[in-house]
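Text of data03.txt (compact mmCIF, C-alpha atoms) as supplied:
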# COMPACT_ATOMS: atom_id res chain seq x y z
CA MET A 1 0.00 0.00 0.00
CA LEU A 2 2.81 2.37 0.99
CA GLU A 3 4.68 1.49 -2.21
CA LEU A 4 1.59 2.26 -4.28
CA PHE A 5 1.17 5.56 -2.44
CA LYS A 6 4.82 6.41 -3.13
CA GLU A 7 4.46 5.60 -6.82
CA ILE A 8 1.33 7.70 -7.20
CA PHE A 9 2.77 10.72 -5.37
CA ILE A 10 6.36 10.34 -6.59
CA GLY A 11 6.25 13.86 -8.03
CA VAL A 12 5.11 15.48 -4.77
CA ILE A 13 7.64 13.54 -2.69
CA TYR A 14 10.38 14.57 -5.15
CA PHE A 15 10.00 18.26 -4.26
CA GLY A 16 10.84 17.45 -0.64
CA SER A 17 14.27 16.12 -1.67
CA ALA A 18 17.46 18.11 -2.35
CA ASP A 19 17.03 17.49 -6.10
CA GLY A 20 13.46 18.69 -5.84
CA LEU A 21 14.53 21.93 -4.18
CA ARG A 22 17.02 22.52 -6.98
CA ALA A 23 14.22 21.89 -9.47
CA LEU A 24 12.12 24.54 -7.68
CA ILE A 25 15.00 27.03 -8.09
CA MET A 26 15.03 26.18 -11.80
CA PHE A 27 11.28 26.81 -11.94
CA ALA A 28 11.93 30.26 -10.46
CA ILE A 29 14.64 30.94 -13.08
CA ALA A 30 12.34 29.68 -15.85
CA GLY A 31 9.56 31.85 -14.45
CA LEU A 32 11.86 34.87 -14.56
CA LEU A 33 12.70 34.20 -18.23
CA ILE A 34 9.01 33.85 -19.08
CA TYR A 35 8.24 37.04 -17.11
CA LEU A 36 10.97 38.97 -18.96
CA ALA A 37 9.60 37.67 -22.26
CA ILE A 38 5.96 38.53 -21.59
CA ALA A 39 6.03 41.53 -19.27
CA LYS A 40 9.22 43.23 -20.50
CA ASP A 41 9.15 42.06 -24.12
CA TYR A 42 12.84 41.01 -23.90
CA GLU A 43 13.49 38.62 -26.85
CA PRO A 44 10.11 36.93 -26.19
CA ALA A 45 10.39 34.58 -29.15
CA LEU A 46 13.36 32.90 -27.49
CA LEU A 47 13.19 33.57 -23.78
CA LEU A 48 9.66 32.18 -23.54
CA PRO A 49 10.41 28.80 -25.20
CA ILE A 50 13.71 28.60 -23.25
CA GLY A 51 11.84 29.23 -19.98
CA PHE A 52 9.20 26.64 -20.79
CA GLY A 53 11.82 24.13 -21.93
CA ALA A 54 13.57 24.61 -18.57
CA ILE A 55 10.33 23.86 -16.73
CA LEU A 56 9.80 20.70 -18.79
CA ALA A 57 13.34 19.47 -18.18
CA ASN A 58 13.11 19.96 -14.42
CA LEU A 59 9.79 18.24 -13.81
CA PRO A 60 9.97 15.29 -11.41
CA PRO A 61 11.44 12.11 -12.86
CA THR A 62 9.15 9.19 -13.63
CA ILE A 63 8.98 5.95 -11.64
CA ASP A 64 12.24 4.82 -13.23
CA GLY A 65 13.94 8.01 -12.13
CA VAL A 66 14.09 9.31 -15.69
CA SER A 67 12.82 12.66 -16.95
CA ALA A 68 9.83 11.97 -19.21
CA VAL A 69 10.73 14.68 -21.73
CA LEU A 70 14.47 13.94 -21.83
CA GLY A 71 14.40 10.15 -21.55
CA LEU A 72 17.50 8.00 -21.84
CA GLU A 73 20.24 7.73 -24.45
CA HIS A 74 18.68 4.62 -26.01
CA GLU A 75 15.10 5.65 -25.28
CA PRO A 76 15.05 9.41 -25.75
CA GLY A 77 12.20 11.72 -24.79
CA PHE A 78 11.02 14.34 -27.28
CA LEU A 79 13.37 17.07 -26.07
CA ARG A 80 16.40 14.81 -26.37
CA VAL A 81 15.25 13.86 -29.88
CA LEU A 82 15.09 17.57 -30.74
CA PHE A 83 18.51 18.18 -29.19
CA ASP A 84 20.13 15.30 -31.06
CA ALA A 85 18.49 16.26 -34.34
CA GLY A 86 18.79 20.04 -34.19
CA ILE A 87 21.56 21.15 -31.87
CA ALA A 88 24.03 18.25 -31.84
CA THR A 89 23.96 18.28 -35.65
CA GLU A 90 24.18 22.13 -35.67
CA LEU A 91 21.09 22.16 -37.90
CA PHE A 92 18.92 24.67 -35.97
CA PRO A 93 21.51 27.50 -35.90
CA ILE A 94 22.12 26.97 -39.62
CA LEU A 95 18.40 27.10 -40.43
CA ILE A 96 18.06 30.24 -38.30
CA PHE A 97 20.82 31.82 -40.35
CA ILE A 98 18.96 31.11 -43.60
CA ALA A 99 15.97 32.90 -42.09
CA VAL A 100 18.11 35.79 -40.83
CA GLY A 101 19.76 36.11 -44.24
CA ALA A 102 16.34 36.38 -45.86
CA MET A 103 15.40 39.12 -43.38
CA ILE A 104 18.55 41.26 -43.70
CA ASP A 105 18.83 44.00 -46.25
CA PHE A 106 22.54 44.54 -46.90
CA THR A 107 21.85 47.63 -49.03
CA PRO A 108 22.83 50.11 -46.25
CA LEU A 109 26.22 48.40 -46.05
CA LEU A 110 26.61 48.30 -49.83
CA LYS A 111 25.85 52.02 -49.94
CA ASN A 112 28.37 52.75 -47.21
CA PRO A 113 30.90 49.87 -47.30
CA PHE A 114 33.47 51.77 -45.21
CA MET A 115 31.25 50.99 -42.20
CA ILE A 116 32.29 47.34 -42.46
CA PHE A 117 35.30 48.11 -40.23
CA PHE A 118 33.01 48.77 -37.29
CA GLY A 119 31.64 45.25 -37.72
CA ALA A 120 35.20 44.03 -37.11
CA ALA A 121 36.12 46.40 -34.27
CA ALA A 122 33.03 45.51 -32.27
CA GLN A 123 34.20 41.89 -32.07
CA PHE A 124 36.93 43.04 -29.66
CA GLY A 125 34.86 41.88 -26.68
CA ILE A 126 34.93 38.27 -27.94
CA PHE A 127 38.69 38.05 -27.86
CA ILE A 128 39.33 39.98 -24.65
CA THR A 129 36.68 37.90 -22.85
CA PHE A 130 38.24 34.75 -24.27
CA LEU A 131 41.55 35.75 -22.68
CA LEU A 132 39.96 36.75 -19.37
CA THR A 133 38.07 33.45 -19.21
CA LEU A 134 41.31 31.56 -19.82
CA VAL A 135 42.84 33.36 -16.84
CA LEU A 136 39.85 32.61 -14.59
CA LEU A 137 39.07 29.00 -15.54
CA PRO A 138 41.98 27.37 -13.62
CA LEU A 139 40.43 28.88 -10.46
CA MET A 140 37.41 26.67 -11.16
CA GLY A 141 39.56 23.66 -11.83
CA ILE A 142 39.18 23.77 -15.63
CA THR A 143 42.51 23.60 -17.43
CA GLY A 144 44.15 22.45 -20.68
CA ASP A 145 42.12 21.91 -23.85
CA GLU A 146 38.86 22.06 -21.91
CA ALA A 147 39.78 25.58 -20.81
CA LEU A 148 40.44 26.67 -24.40
CA LYS A 149 37.10 25.25 -25.59
CA MET A 150 35.18 26.75 -22.72
CA ALA A 151 36.87 30.16 -23.09
CA ALA A 152 36.01 30.16 -26.79
CA ALA A 153 32.34 29.43 -26.10
CA VAL A 154 32.13 32.07 -23.37
CA GLY A 155 33.99 34.68 -25.43
CA ILE A 156 31.67 34.16 -28.38
CA ILE A 157 28.72 35.36 -26.25
CA GLY A 158 30.19 38.73 -27.21
CA ALA A 159 29.24 38.04 -30.81
CA ALA A 160 25.79 39.25 -29.65
CA ASP A 161 24.50 36.58 -31.95
CA GLY A 162 22.54 33.68 -30.44
CA PRO A 163 22.87 31.11 -33.25
CA THR A 164 26.63 31.70 -33.58
CA THR A 165 27.03 31.28 -29.82
CA ILE A 166 25.09 28.00 -29.84
CA TYR A 167 26.98 26.84 -32.92
CA VAL A 168 30.39 27.42 -31.33
CA ALA A 169 29.41 25.94 -27.92
CA ASN A 170 28.03 22.85 -29.62
CA HIS A 171 31.04 22.52 -31.88
CA PHE A 172 33.19 22.15 -28.77
CA ASN A 173 30.72 19.68 -27.28
CA LEU A 174 29.88 21.86 -24.26
CA LYS A 175 26.37 20.49 -23.79
CA ASP A 176 26.43 21.02 -20.02
CA TYR A 177 27.10 24.74 -20.47
CA MET A 178 24.76 25.23 -23.44
CA GLY A 179 21.96 26.51 -21.16
CA PRO A 180 23.87 29.28 -19.37
CA ILE A 181 25.78 30.30 -22.51
CA SER A 182 22.59 30.62 -24.60
CA VAL A 183 20.63 32.32 -21.84
CA ALA A 184 23.49 34.82 -21.37
CA ALA A 185 23.67 35.51 -25.12
CA TYR A 186 19.94 36.04 -25.60
CA SER A 187 19.38 37.92 -22.33
CA TYR A 188 22.15 40.41 -23.01
CA MET A 189 21.01 40.82 -26.62
CA SER A 190 17.64 41.89 -25.30
CA LEU A 191 19.36 44.14 -22.75
CA VAL A 192 21.41 46.04 -25.37
CA PRO A 193 19.34 49.24 -24.77
CA ILE A 194 20.38 49.07 -21.10
CA ILE A 195 23.99 47.83 -21.46
CA GLN A 196 25.26 50.04 -24.29
CA PRO A 197 24.28 53.65 -23.38
CA PRO A 198 26.35 53.94 -20.16
CA VAL A 199 29.41 52.46 -21.91
CA ILE A 200 29.02 54.83 -24.86
CA ARG A 201 28.50 57.83 -22.58
CA ALA A 202 31.55 56.92 -20.49
CA LEU A 203 33.79 56.78 -23.56
CA THR A 204 32.55 59.80 -25.54
CA THR A 205 32.26 63.51 -24.92
CA ARG A 206 29.06 65.44 -25.67
CA LYS A 207 30.87 67.16 -28.53
CA GLU A 208 31.64 63.77 -30.08
CA ARG A 209 28.06 62.58 -29.64
CA LEU A 210 26.88 65.68 -31.53
CA ILE A 211 28.93 64.87 -34.65
CA ARG A 212 26.71 64.70 -37.71
CA MET A 213 27.26 62.19 -40.47
CA ASP A 214 26.34 62.46 -44.13
CA TYR A 215 24.61 59.55 -45.72
CA THR A 216 25.10 59.13 -49.44
CA GLU A 217 21.95 57.93 -51.14
CA GLU A 218 23.93 56.01 -53.74
CA LYS A 219 21.92 53.52 -55.73
CA VAL A 220 22.84 49.86 -55.43
CA SER A 221 22.02 47.86 -58.51
CA ARG A 222 20.22 44.53 -58.40
CA THR A 223 23.28 42.86 -59.94
CA VAL A 224 25.47 43.95 -57.02
CA ARG A 225 22.86 42.85 -54.49
CA ILE A 226 22.68 39.41 -56.13
CA LEU A 227 26.44 39.02 -56.55
CA PHE A 228 27.18 40.13 -52.97
CA PRO A 229 26.00 36.95 -51.17
CA ILE A 230 27.60 34.66 -53.74
CA VAL A 231 31.01 36.38 -53.77
CA ILE A 232 31.11 36.79 -49.97
CA THR A 233 30.41 33.07 -49.52
CA VAL A 234 33.24 32.14 -51.87
CA ILE A 235 35.69 34.54 -50.18
CA ALA A 236 34.74 33.33 -46.69
CA GLY A 237 35.04 29.74 -47.89
CA VAL A 238 38.54 30.33 -49.18
CA ILE A 239 39.87 32.47 -46.32
CA VAL A 240 37.99 31.15 -43.25
CA PRO A 241 36.55 27.73 -44.23
CA MET A 242 35.22 27.12 -40.71
CA SER A 243 32.85 30.05 -41.09
CA VAL A 244 31.22 28.68 -44.24
CA PRO A 245 28.26 26.90 -42.61
CA LEU A 246 27.31 30.20 -40.96
CA VAL A 247 28.26 32.62 -43.75
CA GLY A 248 26.95 30.27 -46.44
CA SER A 249 23.53 29.81 -44.84
CA LEU A 250 23.22 33.54 -44.09
CA MET A 251 24.16 34.41 -47.65
CA PHE A 252 21.90 31.74 -49.14
CA GLY A 253 18.98 33.27 -47.26
CA ASN A 254 20.01 36.67 -48.55
CA LEU A 255 20.29 35.42 -52.12
CA ILE A 256 16.73 34.07 -51.93
CA ARG A 257 15.67 37.54 -50.82
CA GLU A 258 17.59 39.52 -53.40
CA CYS A 259 17.21 37.34 -56.51
CA GLY A 260 13.70 38.67 -57.03
CA VAL A 261 12.27 35.42 -58.43
CA LEU A 262 11.77 33.49 -55.18
CA GLU A 263 9.53 35.82 -53.26
CA LYS A 264 7.45 32.96 -51.86
CA LEU A 265 10.55 31.15 -50.57
CA SER A 266 11.96 34.38 -49.20
CA LYS A 267 8.74 35.08 -47.28
CA SER A 268 8.66 31.48 -46.03
CA ALA A 269 12.24 31.74 -44.77
CA GLN A 270 11.50 35.08 -43.07
CA ASN A 271 8.28 33.91 -41.44
CA GLU A 272 7.50 30.18 -41.27
CA LEU A 273 11.07 28.84 -41.18
CA SER A 274 12.20 31.49 -38.71
CA SER A 275 9.22 30.97 -36.39
CA LEU A 276 9.34 27.18 -36.48
CA VAL A 277 13.08 26.87 -35.85
CA THR A 278 12.97 29.58 -33.17
CA ILE A 279 10.33 27.61 -31.25
CA LEU A 280 12.30 24.36 -31.52
CA LEU A 281 15.63 26.01 -30.76
CA GLY A 282 14.29 27.78 -27.68
CA LEU A 283 12.59 24.70 -26.27
CA THR A 284 15.64 22.55 -26.89
CA ILE A 285 18.05 25.04 -25.32
CA GLY A 286 15.70 25.30 -22.35
CA SER A 287 15.86 21.54 -21.99
CA THR A 288 19.61 21.75 -21.35
CA MET A 289 18.94 23.82 -18.22
CA VAL A 290 18.71 20.81 -15.93
CA ALA A 291 19.15 21.77 -12.25
CA ASP A 292 22.28 19.77 -11.46
CA LYS A 293 24.06 21.22 -14.53
CA PHE A 294 22.73 24.77 -14.24
CA ILE A 295 22.93 25.54 -10.53
CA GLN A 296 26.69 25.85 -10.15
CA TRP A 297 29.31 28.58 -9.90
CA GLU A 298 30.22 28.19 -13.55
CA THR A 299 26.79 29.51 -14.56
CA ALA A 300 27.27 32.71 -12.54
CA ALA A 301 30.76 33.10 -14.02
CA ILE A 302 29.43 32.60 -17.58
CA MET A 303 26.69 35.20 -17.05
CA LEU A 304 29.21 37.71 -15.67
CA LEU A 305 31.77 37.10 -18.41
CA GLY A 306 29.03 37.35 -21.05
CA LEU A 307 28.17 40.81 -19.76
CA PHE A 308 31.86 41.70 -19.82
CA ALA A 309 32.01 40.60 -23.49
CA PHE A 310 29.07 42.85 -24.45
CA VAL A 311 30.59 45.84 -22.62
CA PHE A 312 33.96 45.36 -24.35
CA ASP A 313 32.34 44.88 -27.77
CA THR A 314 30.71 48.25 -27.34
CA ALA A 315 33.90 49.81 -26.00
CA GLY A 316 35.95 48.28 -28.85
CA GLY A 317 33.67 49.77 -31.49
CA VAL A 318 33.55 53.23 -29.90
CA LEU A 319 37.31 53.38 -29.28
CA PHE A 320 38.03 52.25 -32.84
CA ALA A 321 35.83 55.08 -34.16
CA LYS A 322 37.71 57.54 -31.94
CA LEU A 323 41.00 56.20 -33.26
CA LEU A 324 39.80 56.65 -36.85
CA ASN A 325 38.80 60.22 -36.07
CA LEU A 326 42.45 61.02 -35.34
CA PHE A 327 43.18 60.45 -39.03
CA LEU A 328 39.93 61.34 -40.76
CA LYS A 329 39.17 64.82 -42.08
CA LYS A 330 35.46 64.18 -41.94
CA LYS A 331 34.89 62.80 -38.44
CA VAL A 332 32.54 59.95 -37.69
CA ASN A 333 30.25 59.98 -34.69
CA PRO A 334 32.03 57.49 -32.38
CA MET A 335 28.69 56.14 -31.18
CA ILE A 336 28.44 54.45 -34.59
CA GLY A 337 31.19 52.07 -33.45
CA ALA A 338 28.89 50.64 -30.78
CA ALA A 339 26.42 49.65 -33.51
CA GLY A 340 29.02 47.26 -34.95
CA ILE A 341 27.74 44.43 -32.76
CA SER A 342 25.45 41.84 -34.24
CA ALA A 343 22.29 42.71 -32.27
CA PHE A 344 20.29 43.93 -35.26
CA PRO A 345 18.59 46.44 -35.45
CA MET A 346 18.47 47.13 -31.73
CA SER A 347 22.00 48.47 -31.47
CA ALA A 348 21.54 50.94 -34.36
CA ARG A 349 18.33 52.17 -32.76
CA VAL A 350 20.07 52.69 -29.42
CA VAL A 351 22.75 54.79 -31.11
CA GLN A 352 20.17 56.86 -33.00
CA ARG A 353 18.17 57.41 -29.81
CA MET A 354 21.29 58.64 -28.02
CA ALA A 355 22.19 60.97 -30.89
CA LYS A 356 18.65 62.34 -30.89
CA ALA A 357 18.76 62.88 -27.13
CA GLU A 358 21.78 65.16 -27.59
CA ASP A 359 20.45 66.92 -30.69
CA PRO A 360 16.91 66.17 -31.91
CA THR A 361 17.90 67.10 -35.48
CA ASN A 362 20.87 64.71 -35.67
CA PHE A 363 20.01 61.66 -37.76
CA ILE A 364 22.67 58.92 -37.79
CA LEU A 365 20.38 55.90 -38.09
CA MET A 366 21.46 54.89 -41.59
CA PRO A 367 25.24 54.83 -40.90
CA ALA A 368 24.43 53.00 -37.67
CA ILE A 369 22.36 50.43 -39.59
CA SER A 370 25.29 49.98 -42.00
CA ALA A 371 27.62 49.26 -39.06
CA ASN A 372 25.02 46.99 -37.48
CA VAL A 373 24.67 44.93 -40.68
CA ALA A 374 28.47 44.72 -40.86
CA GLY A 375 28.35 43.38 -37.29
CA GLN A 376 26.30 40.43 -38.56
CA LEU A 377 29.12 39.55 -40.93
CA GLY A 378 31.83 40.26 -38.36
CA SER A 379 30.30 38.03 -35.71
CA ILE A 380 29.98 34.96 -37.91
CA VAL A 381 33.46 35.40 -39.33
CA ALA A 382 34.76 35.71 -35.74
CA GLY A 383 32.79 32.59 -34.76
CA GLY A 384 34.30 30.61 -37.62
CA LEU A 385 37.76 31.90 -36.80
CA VAL A 386 37.50 30.98 -33.13
CA ILE A 387 36.44 27.44 -34.09
CA GLY A 388 39.26 27.16 -36.64
CA LEU A 389 42.01 28.52 -34.39
CA ILE A 390 41.04 26.56 -31.28
CA SER A 391 40.58 23.33 -33.26
CA MET A 392 44.05 23.87 -34.67
CA LEU A 393 45.54 24.23 -31.17
CA ILE A 394 43.83 21.23 -29.56
CA ARG A 395 44.32 18.87 -32.51
CA MET B 1 49.75 24.89 -8.06
CA SER B 2 52.98 23.04 -8.90
CA PHE B 3 55.69 24.52 -11.09
CA ILE B 4 54.73 22.25 -13.99
CA GLU B 5 51.08 23.23 -13.68
CA GLN B 6 52.08 26.88 -13.63
CA MET B 7 54.12 26.37 -16.80
CA GLN B 8 51.19 24.58 -18.45
CA GLN B 9 48.90 27.43 -17.48
CA ALA B 10 51.36 29.96 -18.87
CA ASP B 11 51.50 27.95 -22.10
CA ILE B 12 47.70 27.97 -22.38
CA LEU B 13 47.66 31.73 -21.85
CA VAL B 14 50.28 32.25 -24.56
CA GLN B 15 48.19 30.10 -26.92
CA GLY B 16 45.12 32.11 -25.91
CA GLY B 17 46.95 35.35 -26.63
CA PHE B 18 47.85 34.01 -30.06
CA VAL B 19 44.22 33.08 -30.76
CA ALA B 20 42.90 36.46 -29.57
CA LEU B 21 45.40 38.54 -31.52
CA THR B 22 45.24 36.43 -34.68
CA GLY B 23 41.46 36.28 -34.48
CA LEU B 24 41.02 40.03 -34.24
CA ILE B 25 43.53 40.74 -37.01
CA VAL B 26 42.01 38.14 -39.36
CA VAL B 27 38.47 39.46 -38.73
CA PHE B 28 39.73 42.87 -39.86
CA LEU B 29 41.50 41.37 -42.86
CA VAL B 30 38.49 39.32 -43.98
CA LEU B 31 36.11 42.24 -43.62
CA SER B 32 38.61 44.47 -45.47
CA LEU B 33 38.54 41.93 -48.26
CA PHE B 34 34.73 42.12 -48.25
CA LEU B 35 35.04 45.90 -48.53
CA VAL B 36 37.38 45.65 -51.52
CA THR B 37 35.01 43.14 -53.11
CA ILE B 38 32.03 45.44 -52.67
CA LYS B 39 33.98 48.34 -54.16
CA VAL B 40 35.13 46.23 -57.14
CA MET B 41 31.60 44.95 -57.77
CA GLN B 42 30.24 48.48 -57.69
CA LYS B 43 32.98 49.73 -60.04
CA LEU B 44 32.34 46.92 -62.51
CA ASP B 45 28.62 47.51 -62.31
CA LYS B 46 29.01 51.24 -62.99
CA GLY B 47 31.35 50.52 -65.87
CA GLN B 48 28.74 48.42 -67.68
Go ahead and render the structure in this file as structure tokens.
Amino acid sequence: MLELFKEIFIGVIYFGSADGLRALIMFAIAGLLIYLAIAKDYEPALLLPIGFGAILANLPPTIDGVSAVLGLEHEPGFLRVLFDAGIATELFPILIFIAVGAMIDFTPLLKNPFMIFFGAAAQFGIFITFLLTLVLLPLMGITGDEALKMAAAVGIIGAADGPTTIYVANHFNLKDYMGPISVAAYSYMSLVPIIQPPVIRALTTRKERLIRMDYTEEKVSRTVRILFPIVITVIAGVIVPMSVPLVGSLMFGNLIRECGVLEKLSKSAQNELSSLVTILLGLTIGSTMVADKFIQWETAAIMLLGLFAFVFDTAGGVLFAKLLNLFLKKKVNPMIGAAGISAFPMSARVVQRMAKAEDPTNFILMPAISANVAGQLGSIVAGGLVIGLISMLIR
Amino acid sequence: MSFIEQMQQADILVQGGFVALTGLIVVFLVLSLFLVTIKVMQKLDKGQ
């Protein structure tokens, strides 16, 4: 009778155990993500599925002590099936990039190609965070090749690009850290309007923030817009082969958009494909947030270092713009540098809002958009490079 | 931390420094190449 009672109320009894208490903490974290998504509108398309996935993964185990949604290696639950099919194979991030490519209009960058340098400078945070993580990891007992892999995955949070972050973390087989790394990437992306302004203000004077920038309304022909994704893919493939899955899928999506004869496919990639993969990606990432893997000091360290990466990306872009101004006759507004991160179009909007706050007639949105689009390219090239360089070292 | 462990850690940091510096430089180089490509494509297009 007692055994039957135990079996029926196994879930209730579970919450009285130490594991159960940890699961309750995870419910609170998942609840916070869902709250931020719904009440604050912070990246709702991802934070909500991630939060719900975390709830699913932390529900009490079944009679056999196995999570119903995760299952076992040989008898997987639906979330493990999704993980194995979409994350372990790197398929979901790639599909997301096709959708993103179909959504991005590279015309502002093609009109103002000089802005591409800001897309490179704003990747500074990735590399400085990578180094800082390498210094800190031995304190947590992580050394050797593991430290290099982990530092790479943490540094790449600074790409401000969720799919690239997941792609790199998965490439180095860091499944246990996938949850905190993805949550850090997506949370900070949604917090760009809060993170960037104080950094920009600290590094610029009012006079610099008032600098006006001309925007040339040069026409970009359809031929150039079609050739751009093809040529960029080939160049990336030759110079940084590890970035090809990311660059190639982004550029394929863009080619569908720009070719002008595949409007239906382009719309499908922008809407149906994007929505479907986002749901699956979010749920699956959430499912990696299992209590015993998530509630540890490493998670707090990853969140902190991720923030550090975002701050230094912003600082890198702004300082690079200031450096350029030492040599340029026609100065650029250094705030543009901060828009070189991949968080599109949020970062460009933040910069425009700050320029408008200083001078309501100053309009720097278009150069900022150009830098922001360049950031998309910069982040995936940096992601590919990090994979290539680290793989070379740990071979 | 033993002397050997300290040396290993120093080695990892040197490797990390190499990755960080090379990475940043190559990102700039690749994006510069993209810039040149865009410029060439636009020139060719205008020439037509």
Show me, as a ChimeraX atom specification, every residue of chain B with an atom at most 9 Å from chain A, counting all atoms listed in the file.
/B:8-9,12-13,15-17,19-39,41-42,45-46
Skip Gly248 of chain A itself and residues of its chain fewer than 2 positions away, then list as an mmCIF file with C-alpha atoms, in the frame of the given file all residues within 12 Å of it, counting all atoms listed in the file.
data_model
loop_
_atom_site.group_PDB
_atom_site.id
_atom_site.type_symbol
_atom_site.label_atom_id
_atom_site.label_comp_id
_atom_site.auth_asym_id
_atom_site.auth_seq_id
_atom_site.Cartn_x
_atom_site.Cartn_y
_atom_site.Cartn_z
ATOM 1 C CA ILE A 94 22.120 26.970 -39.620
ATOM 2 C CA LEU A 95 18.400 27.100 -40.430
ATOM 3 C CA PHE A 97 20.820 31.820 -40.350
ATOM 4 C CA ILE A 98 18.960 31.110 -43.600
ATOM 5 C CA VAL A 100 18.110 35.790 -40.830
ATOM 6 C CA GLY A 101 19.760 36.110 -44.240
ATOM 7 C CA PHE A 228 27.180 40.130 -52.970
ATOM 8 C CA PRO A 229 26.000 36.950 -51.170
ATOM 9 C CA ILE A 230 27.600 34.660 -53.740
ATOM 10 C CA VAL A 231 31.010 36.380 -53.770
ATOM 11 C CA ILE A 232 31.110 36.790 -49.970
ATOM 12 C CA THR A 233 30.410 33.070 -49.520
ATOM 13 C CA VAL A 234 33.240 32.140 -51.870
ATOM 14 C CA ILE A 235 35.690 34.540 -50.180
ATOM 15 C CA ALA A 236 34.740 33.330 -46.690
ATOM 16 C CA GLY A 237 35.040 29.740 -47.890
ATOM 17 C CA VAL A 238 38.540 30.330 -49.180
ATOM 18 C CA VAL A 240 37.990 31.150 -43.250
ATOM 19 C CA PRO A 241 36.550 27.730 -44.230
ATOM 20 C CA MET A 242 35.220 27.120 -40.710
ATOM 21 C CA SER A 243 32.850 30.050 -41.090
ATOM 22 C CA VAL A 244 31.220 28.680 -44.240
ATOM 23 C CA PRO A 245 28.260 26.900 -42.610
ATOM 24 C CA LEU A 246 27.310 30.200 -40.960
ATOM 25 C CA LEU A 250 23.220 33.540 -44.090
ATOM 26 C CA MET A 251 24.160 34.410 -47.650
ATOM 27 C CA PHE A 252 21.900 31.740 -49.140
ATOM 28 C CA GLY A 253 18.980 33.270 -47.260
ATOM 29 C CA ASN A 254 20.010 36.670 -48.550
ATOM 30 C CA LEU A 255 20.290 35.420 -52.120
ATOM 31 C CA LEU A 377 29.120 39.550 -40.930
ATOM 32 C CA ILE A 380 29.980 34.960 -37.910
ATOM 33 C CA VAL A 381 33.460 35.400 -39.330
ATOM 34 C CA GLY A 384 34.300 30.610 -37.620
#
Across A:Lys149, A:Gly340, A:Ile364, A:Ala357, the smallest distance to Ser391 of chain A, with only C-alpha atoms counted, is shown by A:Lys149
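In this model, the gap between atom CA of Ala309 of chain A and atom CA of Ile38 of chain A comes to 26.2 Å.
Considering the residues A:Ile142, A:Leu191, A:Met26, A:Leu91 and counting only C-alpha atoms, Lys40 of chain A has its shortest atom-to-atom contact with A:Leu191.
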Between A:Glu258, A:Asn362, A:Ile226, A:Ile96, single out the one closest to Asn271 of chain A, counting all atoms listed in the file.
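Checking each of A:Glu258, A:Asn362, A:Ile226, A:Ile96 against Asn271 of chain A, counting all atoms listed in the file, the winner is A:Ile96.
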